[in-house]
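Note sheet for the following structure.
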Amino acid sequence: MATPNRNVTNPKSLRPPQFGLRTLFALVAAICVLLALRQWISPLAIAALAFLAVSIFCHVAGNAIGTRLRQIGDLPEPASSEPAPSTRRSPKPQDFAPPTQLSRRSNLGWMIIVASSIGVTTGAIGGGLWTFAAGHGHVEPVNIIVGVIAFAFLGGIAAFATFGFVQVLGGAIRQAIASSPAANSHQDS
């Protein structure tokens, strides 16, 4: 009686991550270069470079895993140890969620202008007061003007992003509640 080969991976599963000796040496060399740069670059810049490298690695790894999952996602489970034919299941209309309004572009309305204006005004006042207080009252007007402009810009961006996100999220929640089965059963009654 033949025993199945335990080293053969199921084509429906993800393989464990693999790397070669060349990749290991390249990683060690990159870490050595990063640590050698410690003499000339600040620790904050080293941390930023390390964060950038880890972000790029995670992006590439996620892309590879997603591609593999997409390839094996709708293949049937093999019944035997023989390789399964490449048959793909076609999705049916009921397999998809109903279309949402989020796919359409729409204007955020006049409220976003009001919210952004309030953010600019609040940021400008706060920036001017902070610049004046940080200088203990001995600040030149040019420095206060720069603080006002910088914080007005930051306040406007923060208010726009926050209000826009809350407005779109609220619309999505309202649409989800309106199209939920529970809401449809109450309307039918």
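So you can find residues: chains in the structure tokens are A, B, ... in the order shown, residues in each start at 1, and ligands are numbered from 1 in order.
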### Task
Find the residues around Gln167 of chain A up to 12 Å (only C-alpha atoms counted), leave out those fewer than 3 positions away in its own chain, and share them as an NGL selection string.
:A and (102 or 106-112 or 115 or 159-164 or 170-174)
Emit the selected residues as a PDB file, in the first residue's frame, including N, CA, C and O atoms.
```pdb
ATOM      1  N   LEU A 102     -22.226  54.616  -2.640  1.00  0.00           N
ATOM      2  CA  LEU A 102     -20.861  55.093  -2.431  1.00  0.00           C
ATOM      3  C   LEU A 102     -20.045  55.078  -3.710  1.00  0.00           C
ATOM      4  O   LEU A 102     -19.048  55.779  -3.816  1.00  0.00           O
ATOM      5  N   SER A 106     -20.478  62.358  -5.601  1.00  0.00           N
ATOM      6  CA  SER A 106     -21.484  63.349  -5.227  1.00  0.00           C
ATOM      7  C   SER A 106     -20.806  64.477  -4.467  1.00  0.00           C
ATOM      8  O   SER A 106     -19.740  64.309  -3.871  1.00  0.00           O
ATOM      9  N   ASN A 107     -21.455  65.606  -4.494  1.00  0.00           N
ATOM     10  CA  ASN A 107     -20.952  66.791  -3.806  1.00  0.00           C
ATOM     11  C   ASN A 107     -21.208  66.640  -2.304  1.00  0.00           C
ATOM     12  O   ASN A 107     -22.257  66.152  -1.898  1.00  0.00           O
ATOM     13  N   LEU A 108     -20.249  67.059  -1.498  1.00  0.00           N
ATOM     14  CA  LEU A 108     -20.425  66.956  -0.049  1.00  0.00           C
ATOM     15  C   LEU A 108     -21.334  68.060   0.501  1.00  0.00           C
ATOM     16  O   LEU A 108     -21.719  68.018   1.661  1.00  0.00           O
ATOM     17  N   GLY A 109     -21.651  69.048  -0.311  1.00  0.00           N
ATOM     18  CA  GLY A 109     -22.604  70.072   0.096  1.00  0.00           C
ATOM     19  C   GLY A 109     -21.940  71.286   0.736  1.00  0.00           C
ATOM     20  O   GLY A 109     -20.724  71.388   0.869  1.00  0.00           O
ATOM     21  N   TRP A 110     -22.785  72.217   1.135  1.00  0.00           N
ATOM     22  CA  TRP A 110     -22.284  73.463   1.705  1.00  0.00           C
ATOM     23  C   TRP A 110     -21.800  73.289   3.140  1.00  0.00           C
ATOM     24  O   TRP A 110     -21.023  74.095   3.639  1.00  0.00           O
ATOM     25  N   MET A 111     -22.238  72.217   3.805  1.00  0.00           N
ATOM     26  CA  MET A 111     -21.811  72.005   5.190  1.00  0.00           C
ATOM     27  C   MET A 111     -20.308  71.745   5.292  1.00  0.00           C
ATOM     28  O   MET A 111     -19.675  72.095   6.290  1.00  0.00           O
ATOM     29  N   ILE A 112     -19.715  71.144   4.261  1.00  0.00           N
ATOM     30  CA  ILE A 112     -18.277  70.892   4.284  1.00  0.00           C
ATOM     31  C   ILE A 112     -17.520  72.216   4.211  1.00  0.00           C
ATOM     32  O   ILE A 112     -16.454  72.366   4.816  1.00  0.00           O
ATOM     33  N   ALA A 115     -17.801  73.684   7.743  1.00  0.00           N
ATOM     34  CA  ALA A 115     -16.920  72.958   8.665  1.00  0.00           C
ATOM     35  C   ALA A 115     -15.462  73.293   8.402  1.00  0.00           C
ATOM     36  O   ALA A 115     -14.680  73.505   9.347  1.00  0.00           O
ATOM     37  N   ALA A 159     -10.417  69.617   9.693  1.00  0.00           N
ATOM     38  CA  ALA A 159     -11.878  69.750   9.712  1.00  0.00           C
ATOM     39  C   ALA A 159     -12.498  69.147   8.453  1.00  0.00           C
ATOM     40  O   ALA A 159     -13.511  68.445   8.526  1.00  0.00           O
ATOM     41  N   PHE A 160     -11.887  69.403   7.294  1.00  0.00           N
ATOM     42  CA  PHE A 160     -12.397  68.831   6.050  1.00  0.00           C
ATOM     43  C   PHE A 160     -12.381  67.317   6.090  1.00  0.00           C
ATOM     44  O   PHE A 160     -13.366  66.652   5.754  1.00  0.00           O
ATOM     45  N   ALA A 161     -11.252  66.735   6.498  1.00  0.00           N
ATOM     46  CA  ALA A 161     -11.132  65.279   6.530  1.00  0.00           C
ATOM     47  C   ALA A 161     -12.102  64.664   7.539  1.00  0.00           C
ATOM     48  O   ALA A 161     -12.782  63.673   7.238  1.00  0.00           O
ATOM     49  N   THR A 162     -12.187  65.252   8.722  1.00  0.00           N
ATOM     50  CA  THR A 162     -13.063  64.705   9.756  1.00  0.00           C
ATOM     51  C   THR A 162     -14.524  64.806   9.357  1.00  0.00           C
ATOM     52  O   THR A 162     -15.279  63.826   9.431  1.00  0.00           O
ATOM     53  N   PHE A 163     -14.954  65.986   8.926  1.00  0.00           N
ATOM     54  CA  PHE A 163     -16.356  66.167   8.574  1.00  0.00           C
ATOM     55  C   PHE A 163     -16.727  65.345   7.344  1.00  0.00           C
ATOM     56  O   PHE A 163     -17.803  64.743   7.294  1.00  0.00           O
ATOM     57  N   GLY A 164     -15.849  65.308   6.341  1.00  0.00           N
ATOM     58  CA  GLY A 164     -16.121  64.512   5.153  1.00  0.00           C
ATOM     59  C   GLY A 164     -16.247  63.037   5.478  1.00  0.00           C
ATOM     60  O   GLY A 164     -17.135  62.342   4.986  1.00  0.00           O
ATOM     61  N   GLY A 170     -21.852  58.371   7.756  1.00  0.00           N
ATOM     62  CA  GLY A 170     -23.269  58.461   8.112  1.00  0.00           C
ATOM     63  C   GLY A 170     -24.174  58.068   6.954  1.00  0.00           C
ATOM     64  O   GLY A 170     -25.171  57.376   7.134  1.00  0.00           O
ATOM     65  N   GLY A 171     -23.822  58.514   5.747  1.00  0.00           N
ATOM     66  CA  GLY A 171     -24.602  58.126   4.567  1.00  0.00           C
ATOM     67  C   GLY A 171     -24.559  56.634   4.322  1.00  0.00           C
ATOM     68  O   GLY A 171     -25.560  56.020   3.952  1.00  0.00           O
ATOM     69  N   ALA A 172     -23.383  56.037   4.516  1.00  0.00           N
ATOM     70  CA  ALA A 172     -23.253  54.593   4.323  1.00  0.00           C
ATOM     71  C   ALA A 172     -24.075  53.829   5.363  1.00  0.00           C
ATOM     72  O   ALA A 172     -24.717  52.820   5.043  1.00  0.00           O
ATOM     73  N   ILE A 173     -24.060  54.303   6.590  1.00  0.00           N
ATOM     74  CA  ILE A 173     -24.846  53.633   7.641  1.00  0.00           C
ATOM     75  C   ILE A 173     -26.336  53.767   7.360  1.00  0.00           C
ATOM     76  O   ILE A 173     -27.093  52.798   7.487  1.00  0.00           O
ATOM     77  N   ARG A 174     -26.774  54.968   6.942  1.00  0.00           N
ATOM     78  CA  ARG A 174     -28.192  55.154   6.611  1.00  0.00           C
ATOM     79  C   ARG A 174     -28.607  54.247   5.454  1.00  0.00           C
ATOM     80  O   ARG A 174     -29.680  53.643   5.478  1.00  0.00           O
TER      81      ARG A 174
END
```
### Message
Can you pull out the residues contacting segment 123-133 of chain A? Cut-off 9 Å, using only C-alpha atoms, and skip same-chain residues under 4 positions away; I want them as a VMD selection string.
### Response
chain A and resid 118 to 119 137 to 140 143 to 156
### Query
Could you work out how far atom CA of His59 of chain A lies from atom CA of Leu169 of chain A, giving the answer in Å with one decimal?
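So the answer is 26.0 Å.
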When you look at segment 26-37 of chain A with a cut-off of 10 Å (counting only C-alpha atoms), what residues show up, excluding the ones that are within fewer than 2 positions of it in the same chain? I need them as a short mmCIF file (atom, residue, chain, number, x, y, z; two decimals) with C-alpha atoms, in the first residue's frame.
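So selection_1.cif came out as:
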```cif
data_model
loop_
_atom_site.label_atom_id
_atom_site.label_comp_id
_atom_site.auth_asym_id
_atom_site.auth_seq_id
_atom_site.Cartn_x
_atom_site.Cartn_y
_atom_site.Cartn_z
CA LEU A 21 20.15 32.22 1.13
CA ARG A 22 20.63 35.16 -1.25
CA THR A 23 17.56 36.88 0.22
CA LEU A 24 18.80 36.27 3.75
CA GLN A 39 26.76 57.59 12.77
CA TRP A 40 25.58 60.19 10.27
CA ILE A 41 21.77 60.06 10.42
CA SER A 42 19.56 60.80 13.39
CA PRO A 43 17.75 57.93 15.13
CA ALA A 45 15.51 59.16 10.33
CA ILE A 46 16.73 55.58 10.88
CA ALA A 47 13.36 54.68 12.39
CA LEU A 49 13.71 54.34 6.96
CA ALA A 50 13.05 51.11 8.85
CA ALA A 53 11.18 49.27 4.51
#
```
### Task
For Ser13 of chain A, please output as a PyMOL selection string all residues within 10 Å (counting only C-alpha atoms; exclusion window: fewer than 5 positions along the same chain).
chain A and resi 68-69+72-73+77
### Query
How many Å lie between atom CA of Val54 of chain A and atom CA of Arg15 of chain A, rounded to one decimal?
21.4 Å
### Message
DSSP on the backbone: which residues in segment 24-122 of chain A end up as alpha helix (DSSP H)? Give the answer as a ChimeraX atom specification.
### Response
/A:24-36,43-72,110-122
### Message
For a quick check of understanding, using only C-alpha atoms, which of A:Val114, A:Leu14, A:Phe51, A:Arg89 has the smallest distance to Gly66 of chain A?
### Response
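Among the listed residues, the smallest separation from Gly66 of chain A belongs to A:Leu14.
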